[in-house]
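Asker: Provided herewith is a single structure, encoded as structure tokens, for subsequent inquiry.
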Amino acid sequence: MSFLQNNIYYIGAFGLILIGLLIVLVKHNLIKVIIGLSIMDTGINLFLIAIGYLRNGTAPIFSSPEVESVLMVDPVPQALVLTAIVIGVAVLALALSLAIRLYKHFGTLDLRKIKELKW
Amino acid sequence: MTGMEILLLVAFGGVMLTYILGRISSSLRNTFAVVLSLVLVVIIALMYDKTGETIFYRGFFGIPMSFRIDALSWLFAMATSVLGCLSVIFSLSYMSDRKNISFYYSMLFLVNAGMLGVVFSGDLLSFFIFWEIMSWSTFLLISFNRGPAVAAGLKYIIMSIIGSMAMLAGTISLYTNYGTLNIADLSHLTVSASPGYQLFLLIIFGVAFGIKNAVMPLHTWLPDAYTEAPSPFSAVLSGMLTRMGIYGFLLIIYVVVGAARFLHAADSTVSSFNYVLAWLGAITIVIPTFIAMLQNDAKRLLAWHGIGQGGYMILGIAFGTNMGVAGGIFHTLNHAIYIVLLFMSVAAIQYRTGGVRDLNSLGGLIKKMPVAFIGALLGICGLIGVPLTNGFVSKWMIYKTLISGRAPFLAFAALIGSWGTILSVYKFLHNIFLGQLPEKYRDIKQSPFNMKLPIIVLSSTILLFGILPGLPLRVINKIVVSFGFDSLNISLWGIVSESGMLNTINLFAAILAGLIAVWLFFRIGARTIPVKQDDNYAAGAAVPRDRYSYTAKYYDPLFRMISPYLKDIFNTFYMKIADLTGYLSNGIRKIYTGYVGNYVMYIVLFISLMIFVQMKWSPW
Amino acid sequence: MVNPVLLIAVPLGLAFMVPLIDSASRKLTRFVPVAALMFNLILCIRLIPAVLENPIVINLGGFTPPFGINLFVGPLGLLFAGLISLAGLVVSIYSLSYIKNGPVVKYHMLYMLLLTGATGVVLTGDLFNLFVFFEILCISSYALVAYHGDRAGIESSIKYLIQGTVGSGLLLIGIGFIYGIFGTLNMADIAMKIATVEQSTLFVPMILMVAGLGVESAIFPLNAWLPDAHSSAPSSISAILSGIAIEVGLYAVARIVFTVFGISDIYLFFAFLGILTLLIGEMCAFAQSNIKRMLAYSSIGQIGLILFALALATNNTVTGGLFQLVNHTISKGLLFLSAGYMIYRSGSMEISSLNGMGKRMPLTSLAFTVGAFSLVGLPPFAGFPGKFLIVSGALLKGQMVINILVGLVLLSTVIEGTYFFRVIQALYFKDGNGERKRAPATAVTAMITLMILIVALGVYPKFLADFLSSASSDLLDKMSYVGSVLK
């Protein structure tokens, strides 16, 4: 049980990543694929946070002199995740706007039918 | 600056200048072209009997690139520049009504400059660079006529790139092994190379030069290219450009590997290579010559002969005695002269008949175009090797080598080739010039002067070299000696060898006497009635002129007999390979299915495969 | 001394200034990228002597490495930065007249962001920073591919986006692993500590990062987006994607494999992967009848060749690979630019519609021909020295496997020559109809610049080779990289 307890965040993160990847792989609807990408992104963010997480750790802020840095969670992954979230949002927005244009052109969001460019 | 640097500068500078002048005025360009080609001839002629080497460029990663002159390069350069000059003069009227003439001339000069660069290269790097320039500029000229020429050009350039890549591999392998590409240095260094490495070098360069020289299994680009190229360029193509392959063979076998030193050693791989090469040469003589007989297109017929005659050169060179090598080189020179002459005669006919080169629809032009006839007659005499023409001497030398070298089968192959040559070129001469004149060519005119001039020059050269072979053989003997062979015993009019001698003066006298006797006999003894050209057949029966032409279907029974055996299987084979590549490529690109899910699957599969391999075998 | 940070800061700043400038003066907008990239190019050239002496390390925010983010301007980074500025400059000159319709302001803005991202990737010394710049590069290229908003553009853009996002996700996971193992993101720091960890634990992060970057750098089998995106983007963007974006991806792969991990067991695998990419790219290109798709597949092939050369990891081959890379940027750029106007005039991307272009657009056709000759590797153009170095370096290794791979490289050149010569024949030796009309002056300027560069590099390769040689030791010499960052 302790394995599960110690690694719960990692398991959750990779669960999300794999779910996202699976959606991208098996779903044909573009919106679902974009949702899959988003879930994958979330999983990755969780993974990054989990790397720097310390059980019962405090926020990495030196609010008073007696706070010891040993007990703090690692601030770097949090900074990374902030950036990653922003990037993720940008990609998501772009993807959705492309989806709108795609629907205008093709009249469908089924990726199996959008195969004009191949070979 | 040395002479060679000036020469190459002039040659390459002329290319641009020709094109620029062409934009200004066409007569200015034509004058410039003739002057430039003459200047090249003069510069090269002035270099006679010089040897030397100069480094001209170090900018290519510091590898010294140099020019080198010796008897071998001088001979080839001289032939190149003279034939190039004649071809330019010939083109003046032949090309006059075409489009893009400036492009034609500048490419012609680029090909010429490339060839001069090739023969003057003192190291394999500049050799390769000039070789490539020569190859791609040739490609641009072969396709010049459009239509079927496009496919011919593509075929040429594909084979040419295959050859170049082989050469590049060989060159770089030499560079990595010895750290130098200088030919003179390499010839000292390769002595210690292992026999296997020598064989590798010979084979890999052999592929490159074999393609250029159209040795039998690699010949398929040539018939199409010769046929479809503009005729004056076909002449250059067959006379010199293809023979750069011979130059290359000489260079790699006798200079770089230096085969003369151990050719007849028992365990030498070089001798087995040469043995195979000689047999390839023999095959190249026999089969293409008979295929030539089947052709009804004048240029295609000559093209197949071009391949066949290349076989003689290869045979002579590969046999590797002083007489054989000299014969091979001499035959290269002679071939250049008579094949250019033949192509020019055909081109003159084409020019006047509006591009006709179908042997079945020509005929009887002897009276209309006597100069072209003389050219063609002397050309085919040279091609067959009739005594007193240049081809006789070189073929004599090659036969002599084969017989005294105890190679009866090779000699027999060469002999069969000569028979085939006689049959097929007689058809060529007859179907164009003899027999009945078709109605539509009734008021055809003589070819213009600038077409006659090259024909006359080349015809007289054929006779000159046939009667006084000592002139070129003196230079060729120097080449042979520089390869490390014994010197030949040459006089102005012949060769003396241990098993017989050639004396063209005696021959000349004998033939002259014979001719006088025959002339006297017919003049005094026989009664002859002059008949009109179109009344000399069908036993006096009147035949409508346009319905009957006995030049059509010449040799038909013989055709039916031999043609089933003379399919060009190699061409079919290469075409199959090309098709296969096409199918394969078409199949491979199907992996890009267009469905994005598959694409993501590839990414996931890639990672999973890597991780699986790592977990299973842990190679890392 | 000039500060290399400006290489990133100036285009980034100007990119966001573009809308402002546009509201001030419409005409000025188009010249912003030209100005910015001109500035970058001059800066790069001015930095050369200093960088050749000692790599410049810039610590952003004043933290000394391994803390904070640092920029590493070594010969390799500067080479790439210079190449990006050069290609970007030429293409932006070309775009002055080529991009006339549609959201022009956004085009110029995204274009500069793309180049900023590319410059950032090659200069940064920090893994996460690399990821961020990579995303800037990717997102702006997704958007630019769809610039025309037509069916093909949107379709390829969304496909590119899906694959690219999956790829960058993988990259980020890999970076996360690395951070988890080493607790640092500084590449030099990781490189130093790499030996302290058991090799096998590094495999998963490495393969994730390679796969993630491999999507952008078009390594087989991760390259399915490339032919679509390159063929449906505007030609100026195709030139940049082909000439810059995938090369930058390859740089990142090489940096991570050589400098960060630097474990030589894997190199041969990359050589095989390169050859596979080369052969598949060339064969697919061989089967194309659409000119831009053909060029796109040919880019895959070239990337494979460069990857092969880099993976052999000797000074010679890496120099050759970089030379080929420079050649590819210039030549493929030239090919896309010239094909762009030919397509614009003929209205179709089919090769058969380009028949007779030699008559109608002589200079553009000449540009295409020079580019094609150079890419095939014919002397005296820039492709030959690269190929010469690669082959000689590979043969110097003297291993049978590599000799066979070299044979395959030469074979692929034959295929490449075939399809390029087919197009050249269509240009010059087939009859087409259409009026004779030149490309506009800006496009001609761009093409002539590239042609001159191709011939100059082909005739005097030493000019570049010395610099490339120090760039290749920058890539291969891990210890000096570590040393110069962590003083």
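Identifiers for the structure tokens are assigned positionally: chains receive A, B, ... in sequence, residues are indexed from 1 per chain, and ligands are indexed from 1 in the order shown.
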Considering only C-alpha atoms, tabulate each residue of chain A that lies at most 8 Å from chain B along with its nearest interatomic pair and the corresponding distance in Å to one decimal; arrange the rows by chain and ascending residue number and present them as a tab-separated table.

Answerer:
```
residue	atom	partner	partner_atom	distance
A:Val24	CA	B:Gly597	CA	6.7
A:Leu25	CA	B:Gly597	CA	5.0
A:Val26	CA	B:Gly597	CA	6.9
A:Lys27	CA	B:Gly597	CA	8.0
A:His28	CA	B:Gly597	CA	7.7
A:Leu111	CA	B:Tyr595	CA	6.5
A:Arg112	CA	B:Tyr595	CA	5.7
A:Ile114	CA	B:Tyr595	CA	7.4
A:Lys115	CA	B:Gly594	CA	4.8
A:Glu116	CA	B:Gly594	CA	7.1
A:Leu117	CA	B:Gly594	CA	5.8
A:Lys118	CA	B:Gly594	CA	4.3
A:Trp119	CA	B:Tyr592	CA	4.9
```

Asker: Starting from chain C, keep only residues with some atom at most 10 Å from an atom of chain A, counting only C-alpha atoms, and report them as JSON, numbers by chain.

Answerer: {"C": [128, 129, 131, 132, 135, 136, 138, 139, 140, 142, 143, 146, 149, 150, 151, 152, 153, 154, 155, 156, 157, 158, 159, 161, 162, 163, 164, 165, 166, 168, 169, 170, 172, 173, 175, 176, 177, 179, 180, 181, 183, 184, 185, 224, 225, 227, 228, 229, 231, 232, 284, 285, 287, 288, 293]}

Asker: Which residue gives the smallest distance to chain C among B:Ser394, B:Ser137, B:Thr227, B:Thr421, with only C-alpha atoms counted?

Answerer: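 Closest to chain C of all the choices is B:Ser137.
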
Asker: Using only C-alpha atoms, which residues sit within 10 Å of Ser69 in chain A once same-chain residues fewer than 6 positions away are excluded, as number ranges by chain?

Answerer: A: 57-62

Asker: Would you mind exporting the chosen residues as a PDB file, in the first residue's frame, restricted to C-alpha atoms?

Answerer:
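Generated output (part10.pdb):
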```
ATOM      1  CA  GLY A  57       5.964  20.707   2.702  1.00  0.00           C
ATOM      2  CA  THR A  58       5.284  24.390   2.878  1.00  0.00           C
ATOM      3  CA  ALA A  59       5.094  26.980   0.195  1.00  0.00           C
ATOM      4  CA  PRO A  60       8.538  28.091  -0.943  1.00  0.00           C
ATOM      5  CA  ILE A  61       8.278  31.537   0.566  1.00  0.00           C
ATOM      6  CA  PHE A  62      10.614  32.852   3.223  1.00  0.00           C
TER       7      PHE A  62
END
```

Asker: Using only C-alpha atoms and a cut-off of 7 Å, which residues of chain B sit close to chain C? Please list them as a ChimeraX atom specification.

Answerer: /B:59-61,129,132-133,143-144,146,150,154,158,161-162,165,172-173,176,582,585-586,588-589,592,596,599-600,602-603,607,611,620

Asker: Apply DSSP to the backbone of this structure and, from range 83-195 of chain C, keep only the residues in alpha helix (DSSP H); write these as an NGL selection string.

Answerer: :C and (83-98 or 104-123 or 127-145 or 151-182 or 187-193)

Asker: If you keep C-alpha atoms, can you produce a file of those selected residues as a compact mmCIF listing (two decimals), in the first residue's frame?

Answerer:
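Result went into part07.txt, see below:
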```txt
# COMPACT_ATOMS: atom_id res chain seq x y z
CA LEU C 83 21.80 30.99 -40.48
CA ILE C 84 18.40 31.83 -39.04
CA SER C 85 18.99 35.54 -39.50
CA LEU C 86 20.29 35.05 -43.01
CA ALA C 87 17.50 32.79 -44.19
CA GLY C 88 14.98 34.89 -42.31
CA LEU C 89 16.29 38.07 -43.91
CA VAL C 90 16.22 36.66 -47.41
CA VAL C 91 12.76 35.22 -46.96
CA SER C 92 11.46 38.43 -45.43
CA ILE C 93 12.74 40.36 -48.44
CA TYR C 94 10.98 37.83 -50.61
CA SER C 95 7.79 38.21 -48.59
CA LEU C 96 7.70 41.96 -49.19
CA SER C 97 5.97 41.31 -52.45
CA TYR C 98 4.91 37.69 -52.01
CA VAL C 104 -0.40 40.71 -43.27
CA VAL C 105 0.24 42.17 -39.85
CA LYS C 106 -0.20 38.83 -38.15
CA TYR C 107 2.00 37.21 -40.73
CA HIS C 108 4.92 39.48 -39.97
CA MET C 109 4.37 39.19 -36.26
CA LEU C 110 4.20 35.41 -36.28
CA TYR C 111 7.11 35.23 -38.67
CA MET C 112 9.30 37.12 -36.27
CA LEU C 113 8.08 35.09 -33.34
CA LEU C 114 8.97 31.94 -35.24
CA LEU C 115 12.49 33.17 -35.82
CA THR C 116 12.77 34.37 -32.23
CA GLY C 117 11.82 30.93 -31.05
CA ALA C 118 14.36 29.34 -33.35
CA THR C 119 17.11 31.69 -32.22
CA GLY C 120 16.19 31.04 -28.61
CA VAL C 121 16.40 27.29 -29.03
CA VAL C 122 19.88 27.42 -30.45
CA LEU C 123 21.25 29.87 -27.91
CA LEU C 127 16.38 22.64 -20.89
CA PHE C 128 13.09 24.17 -19.93
CA ASN C 129 13.95 27.38 -21.68
CA LEU C 130 14.61 25.28 -24.72
CA PHE C 131 11.13 23.84 -24.39
CA VAL C 132 9.59 27.29 -24.13
CA PHE C 133 11.38 28.61 -27.19
CA PHE C 134 10.47 25.46 -28.96
CA GLU C 135 6.84 26.05 -28.24
CA ILE C 136 7.11 29.61 -29.52
CA LEU C 137 8.59 28.22 -32.70
CA CYS C 138 5.96 25.52 -33.02
CA ILE C 139 2.88 27.55 -32.23
CA SER C 140 3.80 30.32 -34.62
CA SER C 141 4.53 27.78 -37.31
CA TYR C 142 1.16 26.06 -36.76
CA ALA C 143 -0.50 29.38 -37.28
CA LEU C 144 1.62 30.34 -40.28
CA VAL C 145 0.96 27.06 -42.04
CA ARG C 151 -8.69 23.72 -46.99
CA ALA C 152 -5.21 22.30 -47.32
CA GLY C 153 -3.66 24.86 -45.01
CA ILE C 154 -6.16 24.32 -42.22
CA GLU C 155 -6.05 20.56 -42.54
CA SER C 156 -2.29 20.36 -42.46
CA SER C 157 -2.12 22.89 -39.67
CA ILE C 158 -4.40 20.95 -37.39
CA LYS C 159 -2.55 17.73 -38.13
CA TYR C 160 0.73 19.45 -37.47
CA LEU C 161 -0.67 20.86 -34.25
CA ILE C 162 -1.84 17.49 -32.96
CA GLN C 163 1.46 15.78 -33.68
CA GLY C 164 3.48 18.74 -32.50
CA THR C 165 1.59 18.94 -29.23
CA VAL C 166 2.03 15.26 -28.57
CA GLY C 167 5.71 15.70 -29.37
CA SER C 168 6.20 18.64 -27.07
CA GLY C 169 4.29 16.82 -24.39
CA LEU C 170 6.76 13.97 -24.62
CA LEU C 171 9.61 16.44 -24.51
CA LEU C 172 8.23 17.98 -21.36
CA ILE C 173 7.85 14.58 -19.71
CA GLY C 174 11.45 13.88 -20.58
CA ILE C 175 12.53 17.19 -19.10
CA GLY C 176 10.51 16.37 -16.01
CA PHE C 177 12.34 13.08 -15.61
CA ILE C 178 15.66 14.77 -16.02
CA TYR C 179 14.76 17.34 -13.42
CA GLY C 180 13.58 14.61 -11.11
CA ILE C 181 16.88 12.76 -11.47
CA PHE C 182 19.32 15.64 -11.36
CA MET C 187 22.36 21.57 -19.66
CA ALA C 188 25.97 21.92 -18.63
CA ASP C 189 25.17 20.91 -15.09
CA ILE C 190 23.27 17.85 -16.27
CA ALA C 191 26.05 16.98 -18.63
CA MET C 192 28.50 17.07 -15.78
CA LYS C 193 26.38 14.95 -13.48
```

Asker: Apply DSSP to the structure's backbone, then extract all residues of range 48-251 of chain C labelled strand (DSSP E or B) and return them as a PyMOL selection string.

Answerer: chain C and resi 56-59+70-73+124+126+186

Asker: Could you save the residues just selected, with C-alpha atoms, as a PDB file, in the first residue's frame?

Answerer:
```pdb
ATOM      1  CA  ILE C  56      30.080  33.717 -24.558  1.00  0.00           C
ATOM      2  CA  VAL C  57      27.950  32.692 -21.604  1.00  0.00           C
ATOM      3  CA  ILE C  58      25.255  35.111 -20.525  1.00  0.00           C
ATOM      4  CA  ASN C  59      23.583  34.628 -17.189  1.00  0.00           C
ATOM      5  CA  ASN C  70      21.852  31.116 -19.151  1.00  0.00           C
ATOM      6  CA  LEU C  71      22.499  31.660 -22.821  1.00  0.00           C
ATOM      7  CA  PHE C  72      25.388  29.842 -24.405  1.00  0.00           C
ATOM      8  CA  VAL C  73      26.717  31.490 -27.533  1.00  0.00           C
ATOM      9  CA  THR C 124      19.755  28.688 -24.676  1.00  0.00           C
ATOM     10  CA  ASP C 126      18.629  25.592 -20.152  1.00  0.00           C
ATOM     11  CA  ASN C 186      21.007  23.587 -16.759  1.00  0.00           C
TER      12      ASN C 186
END
```

Asker: Point out the residue among B:Ser25, B:Phe465, B:Ala33, B:Leu40 with the least atom-to-atom distance to Leu9 in chain B, counting only C-alpha atoms.

Answerer: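 Closest residue, counting only C-alpha atoms: B:Leu40.
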
Asker: What lies within 7 Å of Ile69 in chain B using only C-alpha atoms, ignoring chain neighbours under 6 positions off, as a PyMOL selection string?

Answerer: chain B and resi 50-53+120

Asker: With only C-alpha atoms as the counted atoms, please give the residues lying no more than 10 Å from Val326 in chain C, apart from itself and same-chain residues fewer than 5 positions off, as a ChimeraX atom specification.

Answerer: /C:79-80,83,87,243-244,247,320-321,331-332,382-383,386,454,457,464,468

Asker: Kindly give the distance, in Å, that separates CA of Ile252 in chain B and CA of Ile307 in chain B, rounded to a single decimal.

Answerer: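 For CA of Ile252 in chain B relative to CA of Ile307 in chain B, the distance reads 20.7 Å.
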
Asker: Show which residues sit within 10 Å of range 380-384 of chain B, as JSON, numbers by chain. Count only C-alpha atoms, and ignore same-chain residues fewer than 5 positions away.

Answerer: {"B": [305, 306, 309, 331, 334, 335, 337, 338, 339, 341, 342, 374, 375, 389, 390, 391, 392, 393, 394, 395, 417, 418, 419, 420, 421, 422, 423, 424, 425, 426, 428, 429, 459, 462, 463, 466]}

Asker: Pick out the residues sitting within 10 Å of range 3-8 of chain B, and hand them over as a PyMOL selection string; count only C-alpha atoms, and ignore anything fewer than 5 positions along from it in its own chain.

Answerer: chain B and resi 13-14+39-44+46-47+52-56+66-69+113-114+116-117+120-121

Asker: How about saving the chosen residues, C-alpha atoms kept, as a tab-separated table (two decimals), in the first residue's frame?

Answerer:
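Contents of selection-v7.tsv, freshly written:
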```
chain	number	residue	atom	x	y	z
B	13	GLY	CA	35.24	32.33	-69.43
B	14	GLY	CA	34.13	31.78	-72.99
B	39	VAL	CA	42.12	30.00	-79.77
B	40	LEU	CA	41.67	26.88	-77.68
B	41	VAL	CA	43.13	24.76	-80.47
B	42	VAL	CA	46.11	27.07	-80.81
B	43	ILE	CA	46.81	27.19	-77.08
B	44	ILE	CA	46.73	23.45	-76.81
B	46	LEU	CA	51.46	25.23	-78.40
B	47	MET	CA	51.65	22.97	-75.40
B	52	GLY	CA	54.41	19.67	-65.87
B	53	GLU	CA	52.07	20.19	-63.01
B	54	THR	CA	50.81	23.31	-61.30
B	55	ILE	CA	48.60	23.72	-58.31
B	56	PHE	CA	45.89	26.17	-59.12
B	66	SER	CA	46.32	20.91	-59.76
B	67	PHE	CA	46.60	20.80	-63.51
B	68	ARG	CA	48.92	18.36	-65.10
B	69	ILE	CA	50.02	17.95	-68.66
B	113	ALA	CA	35.76	23.18	-71.07
B	114	GLY	CA	34.69	20.36	-68.79
B	116	LEU	CA	39.61	19.92	-71.11
B	117	GLY	CA	39.42	20.19	-67.35
B	120	PHE	CA	44.27	18.32	-67.57
B	121	SER	CA	43.35	17.43	-64.01
```

Asker: What does the distance from CA of Ile577 in chain B to CA of Met349 in chain C come to in Å, to one decimal?

Answerer: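 Rounded to one decimal, the two atoms are 28.0 Å apart.
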